[in-house]
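Asker: Take a look at target_0.tsv, TSV, C-alpha atoms:
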chain	number	residue	atom	x	y	z
A	1062	MET	CA	147.64	176.67	99.97
A	1063	ASN	CA	148.89	173.65	98.04
A	1064	ASP	CA	151.88	173.92	95.77
A	1065	LEU	CA	150.36	175.31	92.56
A	1066	LYS	CA	153.03	173.64	90.43
A	1067	ASN	CA	151.71	170.22	91.36
A	1068	MET	CA	147.99	170.86	90.98
A	1069	ILE	CA	146.06	168.67	88.55
A	1070	THR	CA	142.62	169.42	87.15
A	1071	PRO	CA	140.95	166.10	86.29
A	1072	ILE	CA	138.49	166.06	83.39
A	1073	PRO	CA	136.28	163.01	82.73
A	1074	THR	CA	137.48	161.25	79.57
A	1075	ARG	CA	135.83	158.45	77.60
A	1076	TRP	CA	136.34	156.61	74.35
A	1077	VAL	CA	133.45	157.14	71.92
A	1078	GLY	CA	132.72	155.52	68.59
A	1079	PRO	CA	134.14	153.90	66.62
A	1080	ILE	CA	134.25	156.54	63.89
A	1081	GLN	CA	134.01	154.93	60.47
A	1082	PHE	CA	135.14	156.39	57.14
A	1083	ALA	CA	133.69	155.57	53.73
A	1084	SER	CA	136.44	157.52	51.96
A	1085	VAL	CA	139.25	159.90	52.84
A	1086	THR	CA	141.01	162.40	50.58
A	1087	THR	CA	144.01	164.36	51.85
A	1088	LEU	CA	145.27	167.22	49.69
A	1089	GLY	CA	143.96	165.46	46.61
A	1090	LYS	CA	145.33	162.01	47.50
A	1091	VAL	CA	143.17	159.06	48.51
A	1092	GLN	CA	143.92	157.76	52.00
A	1093	LYS	CA	142.60	154.85	54.05
A	1094	ILE	CA	141.78	155.30	57.73
A	1095	ALA	CA	140.71	152.32	59.81
A	1096	PRO	CA	137.69	152.74	62.11
A	1097	ALA	CA	138.69	153.81	65.61
A	1098	GLN	CA	137.23	155.16	68.78
A	1099	VAL	CA	138.07	158.75	69.69
A	1100	PRO	CA	138.83	160.06	73.20
A	1101	LEU	CA	136.72	162.95	74.47
A	1102	ALA	CA	137.50	164.93	77.62
A	1103	THR	CA	134.60	167.03	78.89
A	1104	LEU	CA	132.53	167.93	81.92
A	1105	GLU	CA	129.43	167.94	79.72
A	1106	THR	CA	128.53	164.29	80.22
A	1107	THR	CA	125.76	164.29	77.64
A	1108	LEU	CA	128.34	164.91	74.92
A	1109	PHE	CA	129.65	161.35	75.27
A	1110	PHE	CA	126.20	159.94	74.56
A	1111	SER	CA	125.40	162.40	71.78
A	1112	VAL	CA	128.62	161.75	69.83
A	1113	ALA	CA	128.14	158.02	70.38
A	1114	ARG	CA	124.67	158.23	68.84
A	1115	GLY	CA	125.99	160.24	65.92
A	1116	SER	CA	128.82	157.76	65.34
A	1117	LYS	CA	126.31	154.91	65.35
A	1118	ALA	CA	124.28	156.68	62.66
A	1119	ILE	CA	127.49	157.20	60.69
A	1120	ALA	CA	128.42	153.52	60.92
A	1121	ASN	CA	124.93	152.38	59.92
A	1122	ALA	CA	125.12	154.69	56.90
A	1123	GLY	CA	128.44	153.24	55.73
A	1124	GLY	CA	130.85	155.88	57.06
A	1125	VAL	CA	131.88	159.49	56.56
A	1126	GLN	CA	133.49	160.90	53.44
A	1127	SER	CA	136.25	163.24	54.65
A	1128	THR	CA	138.22	165.68	52.51
A	1129	LEU	CA	141.19	167.72	53.74
A	1130	LEU	CA	141.53	170.75	51.45
A	1131	SER	CA	144.55	172.55	52.90
A	1132	ASP	CA	147.11	172.35	55.68
A	1133	SER	CA	148.94	175.46	56.87
A	1134	MET	CA	149.88	177.35	60.01
A	1135	THR	CA	150.06	181.13	59.94
A	1136	ARG	CA	151.74	184.04	61.70
A	1137	SER	CA	151.60	187.72	60.71
A	1138	ILE	CA	154.67	189.71	61.59
A	1139	THR	CA	154.21	193.50	61.50
A	1140	LEU	CA	156.87	195.96	60.38
A	1141	GLU	CA	156.90	199.77	60.26
A	1142	ALA	CA	158.44	201.55	57.29
A	1143	LYS	CA	159.37	205.22	57.15
A	1144	ASN	CA	156.44	205.87	54.78
A	1145	ALA	CA	153.80	204.12	52.70
A	1146	SER	CA	156.06	203.95	49.67
A	1147	GLU	CA	158.73	202.02	51.53
A	1148	ALA	CA	156.07	199.74	53.06
A	1149	SER	CA	154.89	198.96	49.53
A	1150	ALA	CA	158.47	198.21	48.49
A	1151	ILE	CA	158.79	195.77	51.41
A	1152	GLY	CA	155.69	193.96	50.22
A	1153	LYS	CA	157.03	193.71	46.67
A	1154	PHE	CA	160.42	192.52	47.92
A	1155	VAL	CA	158.87	189.73	49.97
A	1156	LYS	CA	156.60	188.53	47.16
A	1157	THR	CA	159.47	188.30	44.67
A	1158	ASN	CA	161.85	186.50	47.04
A	1159	LEU	CA	159.84	183.55	48.33
A	1160	THR	CA	162.32	180.96	47.05
A	1161	LYS	CA	165.22	182.85	48.60
A	1162	ILE	CA	163.36	183.18	51.90
A	1163	GLN	CA	162.70	179.43	51.95
A	1164	LYS	CA	166.38	178.67	51.32
A	1165	GLU	CA	168.05	181.32	53.49
A	1166	VAL	CA	165.56	181.58	56.33
A	1167	VAL	CA	163.08	178.72	56.61
A	1168	THR	CA	165.35	175.74	56.00
A	1169	LYS	CA	167.94	177.13	58.42
A	1170	LEU	CA	165.40	177.43	61.22
A	1171	SER	CA	163.40	174.23	60.76
A	1172	ARG	CA	163.92	170.79	59.25
A	1173	PHE	CA	160.21	170.37	58.68
A	1174	ALA	CA	158.71	173.73	57.72
A	1175	GLN	CA	157.85	174.52	54.13
A	1176	LEU	CA	156.96	178.08	53.19
A	1177	GLN	CA	153.65	178.21	51.35
A	1178	THR	CA	152.68	181.86	50.99
A	1179	ILE	CA	153.34	185.33	52.35
A	1180	ASP	CA	150.34	187.60	51.91
A	1181	VAL	CA	151.01	191.32	52.23
A	1182	TYR	CA	148.62	193.82	53.79
A	1183	GLN	CA	149.34	197.49	54.33
A	1184	VAL	CA	147.91	200.30	56.47
A	1185	ALA	CA	149.66	203.66	56.10
A	1186	ASN	CA	153.36	202.92	56.64
A	1187	LEU	CA	152.67	199.61	58.41
A	1188	VAL	CA	153.08	196.32	56.56
A	1189	TYR	CA	151.58	193.04	57.76
A	1190	LEU	CA	153.12	189.84	56.41
A	1191	ARG	CA	150.73	186.89	56.85
A	1192	ILE	CA	153.10	183.93	56.62
A	1193	ALA	CA	151.75	180.45	55.94
A	1194	ILE	CA	153.83	177.30	56.33
A	1195	PHE	CA	153.33	173.55	56.20
A	1196	SER	CA	154.42	172.31	59.62
A	1197	ASP	CA	154.41	168.54	59.03
A	1198	ASN	CA	152.99	166.70	62.06
A	1199	ALA	CA	153.33	169.61	64.49
A	1200	SER	CA	150.45	172.02	64.95
A	1201	GLY	CA	153.06	174.63	64.06
A	1202	HIS	CA	152.48	177.52	66.49
A	1203	ASN	CA	156.09	177.78	67.65
A	1204	MET	CA	157.51	176.73	64.29
A	1205	VAL	CA	155.79	179.49	62.34
A	1206	THR	CA	156.59	182.08	65.02
A	1207	LEU	CA	160.28	181.20	64.81
A	1208	ILE	CA	160.13	181.52	61.03
A	1209	ALA	CA	158.25	184.83	61.22
A	1210	ASP	CA	161.03	186.15	63.46
A	1211	GLY	CA	163.60	185.04	60.90
A	1212	ILE	CA	161.73	186.56	57.97
A	1213	GLY	CA	161.45	189.83	59.89
A	1214	ASP	CA	165.23	189.94	60.36
A	1215	PHE	CA	165.71	189.06	56.68
A	1216	VAL	CA	163.54	192.00	55.59
A	1217	LEU	CA	165.02	194.50	58.06
A	1218	LYS	CA	168.53	193.77	56.77
A	1219	GLU	CA	167.33	194.89	53.33
A	1220	PHE	CA	165.32	197.89	54.55
A	1221	LYS	CA	167.45	199.46	57.25
A	1222	THR	CA	165.07	202.35	58.00
A	1223	ALA	CA	162.17	199.98	58.71
A	1224	GLN	CA	161.45	198.81	62.24
A	1225	TYR	CA	160.09	195.75	64.02
A	1226	VAL	CA	156.60	196.17	65.56
A	1227	SER	CA	155.44	192.69	66.57
A	1228	VAL	CA	156.00	189.07	65.60
A	1229	SER	CA	152.20	188.72	65.71
A	1230	GLY	CA	150.16	191.47	64.12
A	1231	ASN	CA	146.75	189.80	64.65
A	1232	MET	CA	146.26	188.89	61.00
A	1233	CYS	CA	147.39	185.32	61.76
A	1234	VAL	CA	144.59	185.15	63.22
A	1235	ASP	CA	145.56	183.21	66.36
A	1236	LYS	CA	142.77	182.17	68.76
A	1237	LYS	CA	140.34	184.81	67.54
A	1238	VAL	CA	137.34	184.65	65.20
A	1239	SER	CA	137.99	186.37	61.88
A	1240	VAL	CA	136.82	186.59	58.30
A	1241	ILE	CA	140.27	185.79	56.91
A	1242	ASN	CA	140.54	182.49	58.79
A	1243	GLY	CA	137.00	181.57	57.83
A	1244	VAL	CA	137.86	182.07	54.16
A	1245	ARG	CA	141.57	181.16	53.92
A	1246	GLY	CA	141.72	178.62	56.73
A	1247	ARG	CA	144.26	178.20	59.51
A	1248	GLY	CA	145.47	174.73	60.35
A	1249	LYS	CA	143.66	171.97	58.51
A	1250	HIS	CA	140.58	172.72	56.40
A	1251	VAL	CA	138.34	169.64	56.53
A	1252	ILE	CA	134.94	168.93	54.96
A	1253	THR	CA	133.03	165.86	56.08
A	1254	GLU	CA	129.88	164.59	54.40
A	1255	ILE	CA	127.54	161.63	54.52
A	1256	THR	CA	124.24	160.47	53.05
A	1257	ILE	CA	122.18	158.78	55.75
A	1258	PRO	CA	119.30	156.49	54.74
A	1259	ARG	CA	115.87	157.59	55.96
A	1260	THR	CA	115.51	154.43	58.03
A	1261	VAL	CA	118.73	155.18	59.93
A	1262	VAL	CA	117.61	158.75	60.61
A	1263	GLU	CA	114.30	157.49	61.94
A	1264	GLU	CA	115.56	154.53	63.95
A	1265	VAL	CA	118.86	155.87	65.36
A	1266	LEU	CA	118.30	159.62	65.46
A	1267	LYS	CA	114.56	159.46	66.20
A	1268	THR	CA	113.63	162.11	63.67
A	1269	THR	CA	113.28	162.60	59.89
A	1270	PRO	CA	115.56	163.99	57.18
A	1271	GLU	CA	113.02	166.75	56.52
A	1272	LYS	CA	113.04	167.93	60.13
A	1273	ILE	CA	116.85	168.10	60.26
A	1274	VAL	CA	117.07	170.02	56.97
A	1275	ASP	CA	114.36	172.45	58.07
A	1276	LEU	CA	115.99	173.04	61.47
A	1277	ASN	CA	119.42	173.55	59.93
A	1278	ILE	CA	118.00	176.34	57.75
A	1279	LYS	CA	116.05	178.04	60.51
A	1280	LYS	CA	118.58	177.60	63.35
A	1281	ASN	CA	122.09	177.25	61.95
A	1282	LEU	CA	121.76	179.38	58.82
A	1283	LEU	CA	119.13	182.04	59.50
A	1284	GLY	CA	119.76	182.17	63.24
A	1285	SER	CA	123.48	182.70	62.66
A	1286	ILE	CA	122.80	185.46	60.13
A	1287	MET	CA	120.53	187.19	62.62
A	1288	ALA	CA	123.22	186.93	65.28
A	1289	GLY	CA	125.91	188.36	62.98
A	1290	SER	CA	128.07	185.25	63.11
A	1291	VAL	CA	131.37	185.46	61.21
A	1292	ASN	CA	131.70	182.80	58.49
A	1293	SER	CA	129.91	180.45	60.84
A	1294	ALA	CA	126.61	178.58	60.82
A	1295	ASN	CA	126.67	175.59	63.13
A	1296	ALA	CA	125.12	174.33	66.35
A	1297	HIS	CA	128.10	173.43	68.56
A	1298	TYR	CA	131.37	172.59	66.80
A	1299	ALA	CA	133.31	173.93	69.80
A	1300	ASN	CA	131.94	171.21	72.09
A	1301	MET	CA	133.48	168.36	70.12
A	1302	LEU	CA	136.65	170.28	69.29
A	1303	LEU	CA	137.38	171.12	72.91
A	1304	ALA	CA	136.73	167.55	74.07
A	1305	ILE	CA	139.04	165.93	71.53
A	1306	TYR	CA	141.67	168.70	71.84
A	1307	LEU	CA	141.91	168.21	75.60
A	1308	ALA	CA	142.04	164.43	75.25
A	1309	THR	CA	144.87	164.47	72.67
A	1310	GLY	CA	147.16	167.15	74.09
A	1311	GLN	CA	146.23	170.01	71.78
A	1312	ASP	CA	146.20	173.76	72.51
A	1313	ALA	CA	142.57	174.01	73.59
A	1314	ALA	CA	142.37	177.78	72.97
A	1315	ASN	CA	142.33	177.03	69.24
A	1316	ILE	CA	138.66	176.12	69.53
A	1317	VAL	CA	138.03	179.87	69.13
A	1318	GLU	CA	138.83	179.89	65.41
A	1319	GLY	CA	137.93	176.21	65.22
A	1320	SER	CA	134.33	176.98	66.13
A	1321	GLN	CA	133.95	178.71	62.77
A	1322	GLY	CA	132.30	176.45	60.24
A	1323	ILE	CA	129.14	175.72	58.29
A	1324	THR	CA	126.71	172.85	58.59
A	1325	TYR	CA	124.83	171.97	55.42
A	1326	ALA	CA	121.93	169.56	54.93
A	1327	GLU	CA	119.55	168.62	52.11
A	1328	ILE	CA	117.24	165.83	51.01
A	1329	ARG	CA	118.65	163.50	48.36
A	1330	GLU	CA	116.23	160.94	46.97
A	1331	GLY	CA	114.41	160.83	50.28
A	1332	HIS	CA	117.57	160.43	52.36
A	1333	LEU	CA	119.58	162.94	54.43
A	1334	TYR	CA	122.74	164.48	53.01
A	1335	PHE	CA	124.65	166.08	55.90
A	1336	SER	CA	127.97	167.95	55.87
A	1337	THR	CA	130.28	169.98	58.09
A	1338	THR	CA	132.90	172.41	56.78
A	1339	ILE	CA	135.61	173.31	59.29
A	1340	PRO	CA	138.40	175.57	57.95
A	1341	ASN	CA	140.40	175.87	61.17
A	1342	ILE	CA	141.23	172.49	62.71
A	1343	ILE	CA	144.54	173.02	64.50
A	1344	VAL	CA	146.06	169.76	65.71
A	1345	GLY	CA	149.43	168.06	65.89
A	1346	THR	CA	150.78	164.64	66.84
A	1347	VAL	CA	154.26	165.84	67.86
A	1348	GLY	CA	155.48	168.86	69.77
A	1349	ASN	CA	154.36	170.58	72.93
A	1350	GLY	CA	151.85	168.55	74.96
A	1351	LYS	CA	152.25	165.38	72.90
A	1352	SER	CA	155.00	163.76	74.97
A	1353	GLU	CA	152.64	162.84	77.79
A	1354	SER	CA	152.24	159.06	77.94
A	1355	TYR	CA	148.43	159.20	77.93
A	1356	VAL	CA	148.49	161.34	74.77
A	1357	GLN	CA	150.87	158.97	73.00
A	1358	GLU	CA	148.74	155.98	73.94
A	1359	ARG	CA	145.57	157.60	72.63
A	1360	LEU	CA	147.14	158.72	69.37
A	1361	GLU	CA	148.55	155.22	68.90
A	1362	ALA	CA	145.13	153.67	69.47
A	1363	MET	CA	143.64	155.96	66.82
A	1364	GLY	CA	146.35	155.15	64.28
A	1365	CYS	CA	147.65	158.72	64.48
A	1366	ARG	CA	151.39	158.12	64.63
A	1367	GLY	CA	154.07	158.48	62.00
A	1368	GLU	CA	153.86	160.02	58.55
A	1369	SER	CA	150.89	162.35	57.92
A	1370	SER	CA	149.48	161.44	61.33
A	1371	SER	CA	148.36	164.99	62.13
A	1372	GLN	CA	146.25	164.97	58.98
A	1373	THR	CA	144.74	161.63	60.00
A	1374	LEU	CA	143.91	163.16	63.37
A	1375	ALA	CA	142.26	166.10	61.62
A	1376	HIS	CA	140.00	163.70	59.72
A	1377	PHE	CA	138.97	162.11	63.01
A	1378	VAL	CA	138.29	165.54	64.46
A	1379	GLY	CA	136.12	166.50	61.49
A	1380	ALA	CA	134.16	163.25	61.62
A	1381	THR	CA	133.67	163.59	65.38
A	1382	VAL	CA	132.30	167.09	64.90
A	1383	LEU	CA	129.87	165.76	62.30
A	1384	ALA	CA	128.71	163.02	64.68
A	1385	GLY	CA	128.02	165.47	67.49
A	1386	GLU	CA	126.46	168.09	65.24
A	1387	LEU	CA	124.15	165.54	63.64
A	1388	SER	CA	123.01	164.12	66.97
A	1389	LEU	CA	122.30	167.52	68.53
A	1390	LEU	CA	120.28	168.75	65.56
A	1391	ALA	CA	118.29	165.53	65.64
A	1392	ALA	CA	117.57	166.05	69.34
A	1393	LEU	CA	116.53	169.66	68.79
A	1394	THR	CA	113.86	168.62	66.27
A	1395	ASN	CA	111.97	167.01	69.16
A	1396	PRO	CA	110.58	169.29	71.89
A	1397	HIS	CA	112.14	168.73	75.33
A	1398	GLU	CA	114.53	165.97	74.20
A	1399	LEU	CA	117.67	168.04	74.81
A	1400	MET	CA	116.68	169.16	78.28
A	1401	LYS	CA	115.42	165.71	79.20
A	1402	ALA	CA	118.82	164.24	78.30
A	1403	HIS	CA	120.69	166.79	80.39
A	1404	THR	CA	118.33	166.39	83.32
A	1405	THR	CA	118.49	162.60	83.24
A	1406	ILE	CA	122.26	162.34	82.86
A	1407	GLU	CA	123.62	165.38	84.70
A	1408	ARG	CA	121.16	166.57	87.30
A	1409	LYS	CA	122.01	165.42	90.80
Let me see the structure of the file written as structure tokens.

Answerer:
Amino acid sequence: MNDLKNMITPIPTRWVGPIQFASVTTLGKVQKIAPAQVPLATLETTLFFSVARGSKAIANAGGVQSTLLSDSMTRSITLEAKNASEASAIGKFVKTNLTKIQKEVVTKLSRFAQLQTIDVYQVANLVYLRIAIFSDNASGHNMVTLIADGIGDFVLKEFKTAQYVSVSGNMCVDKKVSVINGVRGRGKHVITEITIPRTVVEEVLKTTPEKIVDLNIKKNLLGSIMAGSVNSANAHYANMLLAIYLATGQDAANIVEGSQGITYAEIREGHLYFSTTIPNIIVGTVGNGKSESYVQERLEAMGCRGESSSQTLAHFVGATVLAGELSLLAALTNPHELMKAHTTIERK
């Protein structure tokens, strides 16, 4: 057997696009992002062509409007008090000492982290502290875990009869689908939207605005309700997320919560309004996995280096998801088009 330490698993990677933005808003501030191609790494070859078609429709429509609503990484340390009353006191203590925790814990453990919130949840004598931080350009997994450890020690010094249970109590919620992440968000919460002229829908996407709106209702919305999906109504967000995560050195397992999101479509004055809402985009431009030369080169080519670069990357991720989602829904409005594409491109 070959030395496992030296094994490499090659994944086909291509540049797709360019992705064009009409407007970008980041945490309430207007930002400009130049058009750029995005790298996708996938074994599903048809995805390259589908996202390319979607990006062409986006460009012909004048670009995507992208809005980043929030940016936080979470971890939920769990502690065990002697009884429910003490657990309640721990919760109250934490809520009233956020400034002190930032000064005495967070700033001593990280130069970049900023404490945002600590939400308290209690079951019997167990207390779950869902800690949210701003992690600058890092995705923040290790940063928030380090801080959660520090906050746990800070609390246990005050409540000496309480005990440590776990630095992750599953309310983070890390790499799992959950209601709380779908509502509160984990990572970067991005909404992309675009109004596509009828002629572009017909000529580039080979369908009509009415067919896409109708399919979105019957497939993404009603179909997802029937399936019991959790805060999720989309066709295939995970496809685009995984491809761009692998190509840019991200933790690919985060597509689990990333796959949560809602696609919305309606007719506006005869044209197609199309939007994707993705509350859990987890990306970074520094930190683990980002030191590889190919990752640095790709981030540089996308303009995702320096200040606020992880947020810029999140906008590209959101727009790429919209491109792929739009193209797939268009294909699904036409019988046999999806299977014909896969058969033509992938079947040997």

Asker: Around the point (151.7, 171.5, 65.4) in the file's coordinates, collect all residues with an atom within 7 Å, using all atoms listed in the file, and return them as JSON, numbers by chain.

Answerer: {"A": [1196, 1198, 1199, 1200, 1201, 1202, 1344, 1345, 1347, 1348]}

Asker: Quick one: everything within 10 Å of A:Leu1104, counting all atoms listed in the file, minus sequence neighbours fewer than 2 positions away in the same chain. Send it as a PyMOL selection string.

Answerer: chain A and resi 1071-1074+1101-1102+1106-1109+1304+1407

Asker: Please indicate the distance in Å from atom CA of A:Glu1330 to atom CA of A:Ala1118, rounded to one decimal place.

Answerer: 18.1 Å

Asker: Can you pull out every residue within 7 Å of stretch 1276-1283 of chain A, counting only C-alpha atoms, but drop anything in the same chain fewer than 3 positions away, and send it as a short mmCIF file (atom, residue, chain, number, x, y, z; two decimals) with C-alpha atoms, keeping the file's coordinate frame?

Answerer:
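Written file, out.cif:
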data_model
loop_
_atom_site.label_atom_id
_atom_site.label_comp_id
_atom_site.auth_asym_id
_atom_site.auth_seq_id
_atom_site.Cartn_x
_atom_site.Cartn_y
_atom_site.Cartn_z
CA LYS A 1272 113.04 167.93 60.13
CA ILE A 1273 116.85 168.10 60.26
CA ILE A 1286 122.80 185.46 60.13
CA MET A 1287 120.53 187.19 62.62
CA ALA A 1294 126.61 178.58 60.82
CA ASN A 1295 126.67 175.59 63.13
CA ALA A 1296 125.12 174.33 66.35
CA ALA A 1326 121.93 169.56 54.93
CA THR A 1394 113.86 168.62 66.27
#

Asker: Hey, which of A:Thr1070, A:Gln1126, A:Thr1338, A:Asn1231 ends up closest to A:Ile1094? Count only C-alpha atoms.

Answerer: A:Gln1126

Asker: Using all atoms listed in the file, which protein or nucleic acid residues come within 9 Å of A:Ile1316? Drop anything in the same chain fewer than 5 positions from it, and give the result as a ChimeraX atom specification.

Answerer: /A:1236,1298-1300,1302-1303,1306,1321,1341-1343

Asker: Tell me, in Å to one decimal, how far atom CA of A:Arg1114 is from atom CA of A:Val1085.

Answerer: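 Atom CA of A:Val1085 lies 21.7 Å from atom CA of A:Arg1114.
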
Asker: Can you work out which one of A:Ala1288, A:Ile1069, A:Ala1097, A:Leu1383 has the shortest atom-to-atom distance to A:Gly1115, counting all atoms listed in the file?

Answerer: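 Among A:Ala1288, A:Ile1069, A:Ala1097, A:Leu1383, it is A:Leu1383 that comes nearest to A:Gly1115.
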
Asker: May I ask for the distance between atom CA of A:Thr1309 and atom CA of A:Val1356, given in Å to one decimal place?

Answerer: 5.2 Å

Asker: Tell me, as a list in words, which residues lie within 8 Å of A:Val1077, counting all atoms listed in the file; anything in the same chain fewer than 6 positions away does not count.

Answerer: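 So, after excluding close chain neighbours, the residues are Gln1098, Val1099, Pro1100, Leu1101, Phe1109, Val1112 and Ala1113 of chain A.
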
Asker: Of the candidates A:Gly1350, A:Gly1379, A:Gly1367, A:Gly1089, which one gets nearest to A:Thr1253 if we count all atoms listed in the file?

Answerer: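 When distances to A:Thr1253 are compared using all atoms listed in the file, the smallest one comes from A:Gly1379.
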
Asker: Between A:Asn1292, A:Ser1371, A:Thr1103, A:Thr1087, single out the one closest to A:Gly1246, counting all atoms listed in the file.

Answerer: A:Asn1292

Asker: Given only C-alpha atoms as the basis, pick out the residue of A:Ile1208, A:Gln1357, A:Val1378, A:Val1317 nearest to A:Lys1169.

Answerer: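 Among the listed residues, the smallest separation from A:Lys1169 belongs to A:Ile1208.
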
Asker: Mind dumping a table of every stretch 1213-1268 of chain A residue within 12 Å of stretch 1175-1190 of chain A, with the nearest atom pair and its distance in Å to one decimal, using all atoms listed in the file, sorted by chain and rising number, as a Markdown table?

Answerer:
| residue | atom | partner | partner_atom | distance |
| --- | --- | --- | --- | --- |
| A:Gly1213 | CA | A:Leu1190 | CA | 9.0 |
| A:Val1216 | CA | A:Leu1190 | CA | 10.7 |
| A:Thr1222 | CA | A:Asn1186 | CA | 11.8 |
| A:Ala1223 | CA | A:Leu1187 | CA | 9.5 |
| A:Gln1224 | CA | A:Leu1187 | CA | 9.6 |
| A:Tyr1225 | CA | A:Leu1187 | CA | 10.1 |
| A:Val1226 | CA | A:Leu1187 | CA | 8.9 |
| A:Ser1227 | CA | A:Tyr1189 | CA | 9.6 |
| A:Val1228 | CA | A:Leu1190 | CA | 9.7 |
| A:Ser1229 | CA | A:Tyr1189 | CA | 9.1 |
| A:Gly1230 | CA | A:Tyr1189 | CA | 6.7 |
| A:Asn1231 | CA | A:Tyr1189 | CA | 9.0 |
| A:Met1232 | CA | A:Tyr1189 | CA | 7.5 |
| A:Cys1233 | CA | A:Leu1190 | CA | 9.0 |
| A:Val1234 | CA | A:Tyr1189 | CA | 11.9 |
| A:Ile1241 | CA | A:Asp1180 | CA | 11.4 |
| A:Arg1245 | CA | A:Asp1180 | CA | 11.1 |

Asker: Which residues are near A:Thr1206? Cut-off 10 Å, only C-alpha atoms, ignore same chain within fewer than 2 positions. Put them as a list in words.

Answerer: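 Residues near the query, excluding close chain neighbours: Met1134, Thr1135, Arg1136, Ser1137, Ile1138, Ile1192, Gly1201, His1202, Asn1203, Met1204, Ile1208, Ala1209, Asp1210, Gly1211, Ile1212, Val1228 and Ser1229 of chain A.
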
Asker: Pick the closest to A:Trp1076 from A:Thr1139, A:Gln1163, A:Ser1116, A:Gln1092: which is it, counting only C-alpha atoms?

Answerer: A:Ser1116

Asker: Quick one: stretch 1117-1129 of chain A with N, CA and C atoms, as a PDB file, in the coordinates of the input?

Answerer:
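Result file out.pdb:
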ATOM      1  N   LYS A1117     127.079 156.098  65.707  1.00  0.00           N
ATOM      2  CA  LYS A1117     126.310 154.910  65.350  1.00  0.00           C
ATOM      3  C   LYS A1117     125.545 155.145  64.046  1.00  0.00           C
ATOM      4  N   ALA A1118     124.971 156.332  63.904  1.00  0.00           N
ATOM      5  CA  ALA A1118     124.280 156.680  62.660  1.00  0.00           C
ATOM      6  C   ALA A1118     125.256 156.675  61.483  1.00  0.00           C
ATOM      7  N   ILE A1119     126.457 157.191  61.727  1.00  0.00           N
ATOM      8  CA  ILE A1119     127.490 157.200  60.690  1.00  0.00           C
ATOM      9  C   ILE A1119     127.837 155.778  60.259  1.00  0.00           C
ATOM     10  N   ALA A1120     128.055 154.903  61.230  1.00  0.00           N
ATOM     11  CA  ALA A1120     128.420 153.520  60.920  1.00  0.00           C
ATOM     12  C   ALA A1120     127.300 152.809  60.156  1.00  0.00           C
ATOM     13  N   ASN A1121     126.064 153.018  60.588  1.00  0.00           N
ATOM     14  CA  ASN A1121     124.930 152.380  59.920  1.00  0.00           C
ATOM     15  C   ASN A1121     124.712 152.906  58.507  1.00  0.00           C
ATOM     16  N   ALA A1122     125.246 154.103  58.236  1.00  0.00           N
ATOM     17  CA  ALA A1122     125.120 154.690  56.900  1.00  0.00           C
ATOM     18  C   ALA A1122     126.318 154.376  56.016  1.00  0.00           C
ATOM     19  N   GLY A1123     127.299 153.644  56.544  1.00  0.00           N
ATOM     20  CA  GLY A1123     128.440 153.240  55.730  1.00  0.00           C
ATOM     21  C   GLY A1123     129.686 154.082  55.897  1.00  0.00           C
ATOM     22  N   GLY A1124     129.649 155.086  56.786  1.00  0.00           N
ATOM     23  CA  GLY A1124     130.850 155.880  57.060  1.00  0.00           C
ATOM     24  C   GLY A1124     130.847 157.260  56.457  1.00  0.00           C
ATOM     25  N   VAL A1125     131.737 158.094  56.983  1.00  0.00           N
ATOM     26  CA  VAL A1125     131.880 159.490  56.560  1.00  0.00           C
ATOM     27  C   VAL A1125     132.835 159.601  55.382  1.00  0.00           C
ATOM     28  N   GLN A1126     132.537 160.501  54.469  1.00  0.00           N
ATOM     29  CA  GLN A1126     133.490 160.900  53.440  1.00  0.00           C
ATOM     30  C   GLN A1126     134.187 162.157  53.953  1.00  0.00           C
ATOM     31  N   SER A1127     135.505 162.111  54.088  1.00  0.00           N
ATOM     32  CA  SER A1127     136.250 163.240  54.650  1.00  0.00           C
ATOM     33  C   SER A1127     137.279 163.744  53.658  1.00  0.00           C
ATOM     34  N   THR A1128     137.304 165.063  53.471  1.00  0.00           N
ATOM     35  CA  THR A1128     138.220 165.680  52.510  1.00  0.00           C
ATOM     36  C   THR A1128     138.997 166.797  53.185  1.00  0.00           C
ATOM     37  N   LEU A1129     140.324 166.682  53.190  1.00  0.00           N
ATOM     38  CA  LEU A1129     141.190 167.720  53.740  1.00  0.00           C
ATOM     39  C   LEU A1129     141.672 168.583  52.577  1.00  0.00           C
TER      40      LEU A1129
END
